[in-house]
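Report on one structure; see the data block that follows.
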Amino acid sequence: MTWLYPDLSTSLQGHFVAGTMLEASEAELTSVSMSDSGVPKITVRRRQNSEVYKFDPSTDVHLSSSPLMRDPYEKELLDVKESGVSGAGMGVFARRNLDNNTIVGYFNGVHRDRAEVLSSSGKKSVYLVEGTWEGEMLDIPEQFQSWASYQASAGHLINHDTAGNVDYTECRHPRFGHILCVVTTRKIAAGKELFVKV
């Protein structure tokens with residue numbers, strides 16, 4: 001089975017059972033044709049030396065079994081480096097020109113109960129965002145908050161600004177499960193930093 005990313009070129013090809021990715025490698029769509037019966041047929045080329053991706057959904061206590069293995073689609077579109085905002089730490093930047101209303105990345109995080117998070121005393125994580133389910137928040141555990149420790153997805157490193165150029169929306173990912181996608185809200189030029197609106 002082949003799972004296509006939003007660019008309709010980058011893909012994961014391998015063994016899926018009932019929609020669950022058991023094992024897949026990076027691949028690239030090379031052609032699309034129609035069979036005599038009107039069913040689309042695709043041809044893909046596996047990328048040499050691809051890492052093996054597996055369904056590894058986050059839970060309330062588990063983020064990732066392979067935290068340094070980058071998502072193949074995201075690494076084509078996004079760079080992570082020092083933010084242009086003073087004191088903000090790391091930021092996320094467009095590697096190429098990005099169109100408006102395009103999925104460009106992912107926010108994978110542990111799933112936390114919103115009421116529990118808000119009622120707890122002490123300092124709140126700066127990585128908390130509203131999750132995909134009602135009453136849920138996504139968060140990055142402390143041991144994975146640095147880019148050196150967690151690179152599977154970069155959505156948590158997008159800084160805030162009053163004039164944001166991306167937003168989060170729910171999606172299903174073959175590796176991460178039910179998480180948030182990073183979607184552009186305007187065109188973003190190559191080299192520009194991504195921001196979520198405050």
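Chains: A, B, ... in order of the structure tokens. Residues: from 1 per chain. Ligands: from 1, in order shown.
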Practice problem: as number ranges by chain, list the residues of region 14-173 of chain A assigned to helix (DSSP H, G or I) by DSSP on the backbone atoms of this structure. | Solution: A: 72-77, 114-119, 142-144, 155-157
Exercise. Do a neighbour search on Thr185 (chain A) at 6 Å with only C-alpha atoms, toss out local chain neighbours closer than 5 positions, and write the hits as a VMD selection string.
Key: chain A and resid 100 to 101 165 to 166
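A straight line drawn from CA of Val92 (chain A) to CA of Cys181 (chain A) is 14.1 Å long.
For the set A:Ser9, A:Asn108, A:Gln151, A:Ser25, the residue with the smallest atom-to-atom gap to Asn49 (chain A) is A:Ser25, counting only C-alpha atoms.
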Quiz item: Pick from A:Ser119, A:Ser64, A:Thr2, A:Ser37: nearest to Ala24 (chain A), with only C-alpha atoms counted?
Solution: A:Thr2
Exercise. Would you please work out which residue, of A:Lys54, A:His15, A:His62, A:Lys197, is nearest to Gln143 (chain A) when using only C-alpha atoms?
Key: A:His62
